[in-house]
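The file input-v2.cif comes next; it holds mmCIF, C-alpha atoms.
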```cif
data_structure
#
loop_
_atom_site.group_PDB
_atom_site.id
_atom_site.type_symbol
_atom_site.label_atom_id
_atom_site.label_comp_id
_atom_site.auth_asym_id
_atom_site.auth_seq_id
_atom_site.Cartn_x
_atom_site.Cartn_y
_atom_site.Cartn_z
ATOM 1 C CA MET A 816 37.664 67.249 -36.095
ATOM 2 C CA PHE A 817 37.028 63.549 -36.455
ATOM 3 C CA SER A 818 39.429 61.320 -38.143
ATOM 4 C CA THR A 819 37.874 59.038 -40.744
ATOM 5 C CA GLY A 820 41.005 57.045 -41.299
ATOM 6 C CA SER A 821 40.324 54.283 -38.756
ATOM 7 C CA ARG A 822 37.056 52.356 -38.718
ATOM 8 C CA GLY A 823 35.882 49.462 -36.613
ATOM 9 C CA GLN A 824 35.605 46.362 -38.654
ATOM 10 C CA VAL A 825 33.967 43.040 -37.780
ATOM 11 C CA GLY A 826 35.393 40.057 -39.502
ATOM 12 C CA THR A 827 33.458 37.016 -40.555
ATOM 13 C CA GLY A 828 35.239 34.919 -37.915
ATOM 14 C CA THR A 829 34.178 37.229 -35.118
ATOM 15 C CA LEU A 830 30.602 37.159 -36.368
ATOM 16 C CA LEU A 831 30.598 33.343 -36.471
ATOM 17 C CA VAL A 832 31.963 33.156 -32.922
ATOM 18 C CA PHE A 833 29.256 35.544 -31.723
ATOM 19 C CA ILE A 834 26.485 33.514 -33.404
ATOM 20 C CA SER A 835 27.915 30.295 -31.976
ATOM 21 C CA VAL A 836 27.919 31.738 -28.457
ATOM 22 C CA VAL A 837 24.274 32.793 -28.824
ATOM 23 C CA LEU A 838 23.258 29.353 -30.146
ATOM 24 C CA VAL A 839 25.107 27.493 -27.366
ATOM 25 C CA ALA A 840 23.548 29.756 -24.743
ATOM 26 C CA GLY A 841 20.065 29.099 -26.184
ATOM 27 C CA ALA A 842 20.604 25.338 -26.303
ATOM 28 C CA THR A 843 21.931 25.337 -22.743
ATOM 29 C CA ALA A 844 18.922 27.316 -21.539
ATOM 30 C CA GLY A 845 16.606 24.797 -23.241
ATOM 31 C CA VAL A 846 18.382 21.845 -21.588
ATOM 32 C CA VAL A 847 18.242 23.523 -18.172
ATOM 33 C CA THR A 848 14.525 24.309 -18.603
ATOM 34 C CA ASN A 849 13.715 20.744 -19.689
ATOM 35 C CA THR A 850 15.755 19.270 -16.827
ATOM 36 C CA ALA A 851 14.036 21.516 -14.292
ATOM 37 C CA GLY A 852 10.608 20.505 -15.620
ATOM 38 C CA PHE A 853 11.507 16.804 -15.535
ATOM 39 C CA LEU A 854 12.863 17.058 -11.977
ATOM 40 C CA GLN A 855 9.712 18.846 -10.849
ATOM 41 C CA TYR A 856 7.556 16.118 -12.408
ATOM 42 C CA GLN A 857 9.647 13.406 -10.758
ATOM 43 C CA SER A 858 9.457 15.105 -7.368
ATOM 44 C CA ASP A 859 5.661 15.412 -7.686
ATOM 45 C CA GLN A 860 5.377 11.707 -8.562
ATOM 46 C CA THR A 861 7.664 10.722 -5.689
ATOM 47 C CA SER A 862 5.720 12.933 -3.298
ATOM 48 C CA GLU A 863 2.369 11.416 -4.333
ATOM 49 C CA SER A 864 3.757 7.893 -4.085
ATOM 50 C CA SER A 865 5.301 8.535 -0.670
ATOM 51 C CA THR A 866 2.097 10.106 0.603
ATOM 52 C CA ALA A 867 0.068 7.111 -0.589
ATOM 53 C CA GLU A 868 2.482 4.678 1.072
ATOM 54 C CA VAL A 869 1.990 6.459 4.373
ATOM 55 C CA SER A 870 -1.669 7.477 4.257
ATOM 56 C CA ASP A 871 -3.464 4.826 2.145
ATOM 57 C CA ARG A 872 -3.412 2.189 4.829
ATOM 58 C CA LEU A 873 -5.960 0.149 6.704
ATOM 59 C CA GLU A 874 -6.703 0.328 10.399
ATOM 60 C CA VAL A 875 -7.961 -2.709 12.286
ATOM 61 C CA ALA A 876 -10.914 -1.569 14.374
ATOM 62 C CA TYR A 877 -11.692 -4.960 15.917
ATOM 63 C CA SER A 878 -10.383 -8.539 15.789
ATOM 64 C CA VAL A 879 -12.235 -11.757 16.561
ATOM 65 C CA GLY A 880 -11.118 -15.369 16.761
ATOM 66 C CA VAL A 881 -13.696 -17.910 15.528
ATOM 67 C CA VAL A 882 -13.842 -20.999 17.749
ATOM 68 C CA GLY A 883 -14.191 -24.455 16.226
ATOM 69 C CA SER A 884 -17.810 -25.302 15.511
ATOM 70 C CA ASP A 885 -17.612 -28.994 16.457
ATOM 71 C CA GLY A 886 -17.279 -28.144 20.166
ATOM 72 C CA SER A 887 -14.611 -30.792 20.698
ATOM 73 C CA SER A 888 -11.675 -28.443 21.068
ATOM 74 C CA ALA A 889 -10.886 -24.949 22.238
ATOM 75 C CA GLU A 890 -9.014 -23.879 19.124
ATOM 76 C CA LEU A 891 -9.470 -20.971 16.773
ATOM 77 C CA GLU A 892 -10.437 -22.022 13.261
ATOM 78 C CA GLY A 893 -10.577 -18.546 11.792
ATOM 79 C CA LEU A 894 -9.730 -14.896 12.291
ATOM 80 C CA GLU A 895 -11.988 -11.982 11.430
ATOM 81 C CA LEU A 896 -10.601 -8.457 11.166
ATOM 82 C CA ILE A 897 -12.946 -5.476 10.989
ATOM 83 C CA VAL A 898 -11.022 -2.895 8.961
ATOM 84 C CA LYS A 899 -11.506 0.742 8.077
ATOM 85 C CA PRO A 900 -9.444 3.247 6.089
ATOM 86 C CA ALA A 901 -6.947 5.401 7.963
ATOM 87 C CA ALA A 902 -8.085 8.950 8.659
ATOM 88 C CA ASP A 903 -6.243 10.525 5.702
ATOM 89 C CA ALA A 904 -6.547 7.609 3.269
ATOM 90 C CA THR A 905 -8.018 7.857 -0.200
ATOM 91 C CA ALA A 906 -9.793 4.903 -1.835
ATOM 92 C CA ILE A 907 -8.412 1.502 -0.768
ATOM 93 C CA GLU A 908 -9.307 -1.463 -2.966
ATOM 94 C CA LEU A 909 -9.515 -4.543 -0.763
ATOM 95 C CA ASP A 910 -9.083 -6.874 -3.755
ATOM 96 C CA ASN A 911 -5.567 -5.408 -4.142
ATOM 97 C CA THR A 912 -4.735 -5.927 -0.472
ATOM 98 C CA THR A 913 -2.555 -8.778 0.761
ATOM 99 C CA VAL A 914 -2.207 -10.243 4.253
ATOM 100 C CA GLN A 915 1.083 -11.707 5.387
ATOM 101 C CA TYR A 916 0.232 -14.194 8.135
ATOM 102 C CA ARG A 917 2.967 -15.274 10.531
ATOM 103 C CA SER A 918 2.132 -18.052 13.005
ATOM 104 C CA PRO A 919 4.293 -20.357 15.156
ATOM 105 C CA ASP A 920 4.278 -22.807 12.227
ATOM 106 C CA GLY A 921 5.435 -20.499 9.440
ATOM 107 C CA VAL A 922 4.624 -17.597 7.188
ATOM 108 C CA THR A 923 2.221 -17.373 4.274
ATOM 109 C CA THR A 924 0.730 -14.582 2.182
ATOM 110 C CA LEU A 925 -2.990 -14.456 1.500
ATOM 111 C CA VAL A 926 -4.754 -12.503 -1.240
ATOM 112 C CA SER A 927 -8.389 -11.525 -1.514
ATOM 113 C CA ASN A 928 -10.611 -14.222 -3.007
ATOM 114 C CA GLY A 929 -11.855 -11.476 -5.361
ATOM 115 C CA SER A 930 -8.345 -10.817 -6.673
ATOM 116 C CA GLN A 931 -7.190 -11.906 -10.108
ATOM 117 C CA ASP A 932 -4.142 -13.481 -8.406
ATOM 118 C CA ALA A 933 -6.251 -15.697 -6.120
ATOM 119 C CA THR A 934 -4.390 -18.955 -6.730
ATOM 120 C CA GLY A 935 -3.020 -19.708 -3.239
ATOM 121 C CA PRO A 936 -4.394 -19.092 0.239
ATOM 122 C CA THR A 937 -7.130 -16.450 0.276
ATOM 123 C CA PHE A 938 -9.165 -14.357 2.674
ATOM 124 C CA SER A 939 -12.731 -13.254 2.063
ATOM 125 C CA VAL A 940 -14.072 -9.705 2.134
ATOM 126 C CA GLU A 941 -17.526 -8.859 3.470
ATOM 127 C CA PRO A 942 -18.810 -5.264 3.415
ATOM 128 C CA LEU A 943 -20.283 -4.213 6.742
ATOM 129 C CA GLN A 944 -20.922 -0.493 6.784
ATOM 130 C CA GLY A 945 -20.929 2.443 4.414
ATOM 131 C CA ASP A 946 -20.234 2.222 0.714
ATOM 132 C CA ALA A 947 -17.926 -0.800 0.948
ATOM 133 C CA ALA A 948 -20.074 -3.115 -1.191
ATOM 134 C CA ASP A 949 -17.776 -2.560 -4.176
ATOM 135 C CA GLY A 950 -14.751 -3.681 -2.155
ATOM 136 C CA VAL A 951 -13.402 -0.140 -1.900
ATOM 137 C CA LEU A 952 -13.032 1.731 1.385
ATOM 138 C CA SER A 953 -13.155 5.416 0.523
ATOM 139 C CA ASP A 954 -14.894 7.050 3.479
ATOM 140 C CA PRO A 955 -13.760 7.023 7.136
ATOM 141 C CA SER A 956 -17.109 5.446 8.090
ATOM 142 C CA ASP A 957 -16.685 2.465 5.703
ATOM 143 C CA ARG A 958 -16.109 -0.912 7.363
ATOM 144 C CA ALA A 959 -15.415 -4.361 5.967
ATOM 145 C CA LYS A 960 -14.631 -7.762 7.434
ATOM 146 C CA LEU A 961 -11.586 -9.733 6.320
ATOM 147 C CA ALA A 962 -12.100 -13.409 7.199
ATOM 148 C CA ILE A 963 -9.024 -15.651 7.325
ATOM 149 C CA PRO A 964 -9.801 -19.372 7.542
ATOM 150 C CA LEU A 965 -7.380 -21.441 9.624
ATOM 151 C CA ASP A 966 -8.040 -24.595 7.674
ATOM 152 C CA GLY A 967 -4.534 -25.975 7.377
ATOM 153 C CA GLU A 968 -4.241 -25.138 3.651
ATOM 154 C CA THR A 969 -0.608 -24.366 4.444
ATOM 155 C CA ALA A 970 1.381 -25.259 7.564
ATOM 156 C CA ALA A 971 1.112 -21.681 8.785
ATOM 157 C CA LEU A 972 -2.699 -21.735 8.543
ATOM 158 C CA ARG A 973 -3.486 -24.435 11.083
ATOM 159 C CA SER A 974 -5.826 -23.896 14.041
ATOM 160 C CA LEU A 975 -4.497 -21.766 16.880
ATOM 161 C CA ARG A 976 -4.359 -22.812 20.526
ATOM 162 C CA ARG A 977 -4.301 -20.832 23.743
ATOM 163 C CA GLY A 978 -1.171 -18.720 24.202
ATOM 164 C CA GLU A 979 -0.045 -18.890 20.572
ATOM 165 C CA ALA A 980 0.793 -15.578 18.931
ATOM 166 C CA VAL A 981 0.197 -14.477 15.362
ATOM 167 C CA GLU A 982 1.349 -11.422 13.456
ATOM 168 C CA LEU A 983 -0.503 -10.051 10.455
ATOM 169 C CA THR A 984 0.749 -7.433 8.023
ATOM 170 C CA LEU A 985 -1.949 -5.892 5.841
ATOM 171 C CA THR A 986 -0.494 -4.292 2.706
ATOM 172 C CA THR A 987 -2.682 -2.148 0.464
ATOM 173 C CA GLY A 988 -2.211 -1.739 -3.281
ATOM 174 C CA SER A 989 -0.190 1.448 -2.729
ATOM 175 C CA GLY A 990 2.280 -0.414 -0.487
ATOM 176 C CA ALA A 991 1.128 0.970 2.881
ATOM 177 C CA ASP A 992 1.533 -1.552 5.711
ATOM 178 C CA THR A 993 -0.428 -2.110 8.898
ATOM 179 C CA GLN A 994 0.844 -4.631 11.438
ATOM 180 C CA VAL A 995 -1.353 -6.398 13.968
ATOM 181 C CA GLN A 996 -0.271 -8.850 16.665
ATOM 182 C CA HIS A 997 -2.575 -11.128 18.632
ATOM 183 C CA THR A 998 -2.159 -13.761 21.320
ATOM 184 C CA VAL A 999 -4.896 -16.353 21.615
ATOM 185 C CA PRO A 1000 -6.708 -16.084 24.982
ATOM 186 C CA ALA A 1001 -8.209 -18.952 26.917
ATOM 187 C CA VAL A 1002 -11.039 -20.389 24.851
ATOM 188 C CA ALA A 1003 -13.845 -22.694 25.956
ATOM 189 C CA PRO A 1004 -15.260 -25.178 23.427
ATOM 190 C CA ASP A 1005 -18.736 -23.654 23.790
ATOM 191 C CA ASP A 1006 -17.502 -20.141 22.879
ATOM 192 C CA GLY A 1007 -18.561 -19.056 19.416
ATOM 193 C CA ALA A 1008 -15.880 -16.401 19.146
ATOM 194 C CA VAL A 1009 -13.391 -14.535 21.301
ATOM 195 C CA LYS A 1010 -12.111 -10.977 21.114
ATOM 196 C CA LEU A 1011 -8.412 -10.789 20.283
#
```
Now that the file is in, can you turn its structure into structure tokens?
Amino acid sequence: MFSTGSRGQVGTGTLLVFISVVLVAGATAGVVTNTAGFLQYQSDQTSESSTAEVSDRLEVAYSVGVVGSDGSSAELEGLELIVKPAADATAIELDNTTVQYRSPDGVTTLVSNGSQDATGPTFSVEPLQGDAADGVLSDPSDRAKLAIPLDGETAALRSLRRGEAVELTLTTGSGADTQVQHTVPAVAPDDGAVKL
């Protein structure tokens, strides 16, 4: 009925090739799995960073120009910005915030006077409302005042006269930017401050 004269035989070479194919397939699957996990981690990090750069920014609620106190001129000797966190922002540390100040006389970058890098021109931070006493704006109701003295420490930081324009770029620690532009209105020497 059945012939027993021919049998299937597996040689050692065929067995080695089979084992090699299984090992290569396993190693390839491990590499693909590790690469997929790494790419997912990277995309999560990039997503969080991009979200922070867009959402963790400051909004300027109000701006005031401080008029010279000697009463002899109608120039602004300081700027005060009332800031709050953007609607979808997380905690913003004001000590890690920088202000790029561009005036008709040049450009300079100011850091918070509470920053560890406070070696050049600085601005001061004063908490106004909410839980901003620690220098962190974490709630939409938090408010703080950033005071920029126009004391001539650099050429860009001299007093401002009527009609001059300034541009400020507030950059938070996460890299989110907010730009503000102001033109100085007519100022009388007896004014204490003017709205910008």
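With atom CA of A:Gly880 on one side and atom CA of A:Leu975 on the other, the separation reads 9.2 Å.
A straight line drawn from atom CA of A:Leu831 to atom CA of A:Asn849 is 26.9 Å long.
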Output, as lines of an AutoDock Vina configuration file, the centre and edge lengths in Å (one decimal) of the axis-aligned box that contains all listed atoms of stretch 970-982 of chain A with 5 Å of margin on each side.
```
center_x = -2.2
center_y = -18.3
center_z = 15.9
size_x = 17.2
size_y = 23.8
size_z = 26.6
```
Residues within 6 Å of (0.5, -11.8, 15.0), file coordinates, counting all atoms listed in the file: what are they? Give the list as a PyMOL selection string.
chain A and resi 980-983+995-997
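One distance worth recording is that between atom CA of A:Ser989 and atom CA of A:Asp966, which is 29.1 Å.
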Hey, what's within 9 Å of A:Asp903 if we count all atoms listed in the file and toss same-chain stuff fewer than 3 positions away? As a ChimeraX atom specification, please?
/A:870-872,900,955
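Using only C-alpha atoms, the nearest neighbour of A:Ser918 within the list A:Val832, A:Ala1003, A:Leu965, A:Leu854 is A:Leu965.
Distances to A:Asp992 were evaluated for A:Leu952, A:Leu838, A:Leu961, A:Leu873 using all atoms listed in the file, and the minimum falls at A:Leu873.
Distances here use all atoms listed in the file; by that measure, the residue among A:Leu891, A:Ala851, A:Leu943, A:Ala840 closest to A:Asp1005 is A:Leu891.
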Output check: residues returned by the PyMOL selection byres ((chain A and resi 915) around 8), as a ChimeraX atom specification
/A:913-914,916-917,922-925,983-985
If I only want stretch 987-999 of chain A, can you write it with N, CA and C atoms, as a JSON list (two decimals), in the first residue's frame?
```
[["chain", "number", "residue", "atom", "x", "y", "z"],
["A", 987, "THR", "N", 8.16, 83.93, 27.13],
["A", 987, "THR", "CA", 8.12, 83.13, 28.35],
["A", 987, "THR", "C", 9.20, 82.06, 28.29],
["A", 988, "GLY", "N", 9.38, 81.36, 29.40],
["A", 988, "GLY", "CA", 10.39, 80.31, 29.48],
["A", 988, "GLY", "C", 10.19, 79.19, 28.47],
["A", 989, "SER", "N", 8.94, 78.95, 28.05],
["A", 989, "SER", "CA", 8.67, 77.90, 27.07],
["A", 989, "SER", "C", 8.92, 78.36, 25.64],
["A", 990, "GLY", "N", 9.19, 79.65, 25.45],
["A", 990, "GLY", "CA", 9.46, 80.17, 24.11],
["A", 990, "GLY", "C", 8.26, 80.82, 23.43],
["A", 991, "ALA", "N", 7.14, 80.95, 24.13],
["A", 991, "ALA", "CA", 5.95, 81.59, 23.55],
["A", 991, "ALA", "C", 6.13, 83.10, 23.56],
["A", 992, "ASP", "N", 5.83, 83.73, 22.42],
["A", 992, "ASP", "CA", 6.02, 85.18, 22.26],
["A", 992, "ASP", "C", 4.69, 85.92, 22.27],
["A", 993, "THR", "N", 4.73, 87.13, 22.81],
["A", 993, "THR", "CA", 3.63, 88.07, 22.73],
["A", 993, "THR", "C", 4.22, 89.40, 22.32],
["A", 994, "GLN", "N", 3.70, 90.00, 21.25],
["A", 994, "GLN", "CA", 4.20, 91.28, 20.78],
["A", 994, "GLN", "C", 3.21, 92.39, 21.10],
["A", 995, "VAL", "N", 3.75, 93.52, 21.54],
["A", 995, "VAL", "CA", 2.95, 94.69, 21.87],
["A", 995, "VAL", "C", 3.61, 95.90, 21.23],
["A", 996, "GLN", "N", 2.80, 96.75, 20.61],
["A", 996, "GLN", "CA", 3.31, 97.99, 20.02],
["A", 996, "GLN", "C", 2.57, 99.17, 20.64],
["A", 997, "HIS", "N", 3.32, 100.23, 20.93],
["A", 997, "HIS", "CA", 2.72, 101.43, 21.51],
["A", 997, "HIS", "C", 3.32, 102.66, 20.85],
["A", 998, "THR", "N", 2.49, 103.69, 20.71],
["A", 998, "THR", "CA", 2.95, 105.00, 20.28],
["A", 998, "THR", "C", 2.63, 105.96, 21.41],
["A", 999, "VAL", "N", 3.61, 106.78, 21.76],
["A", 999, "VAL", "CA", 3.46, 107.68, 22.90],
["A", 999, "VAL", "C", 2.47, 108.79, 22.53]]
```
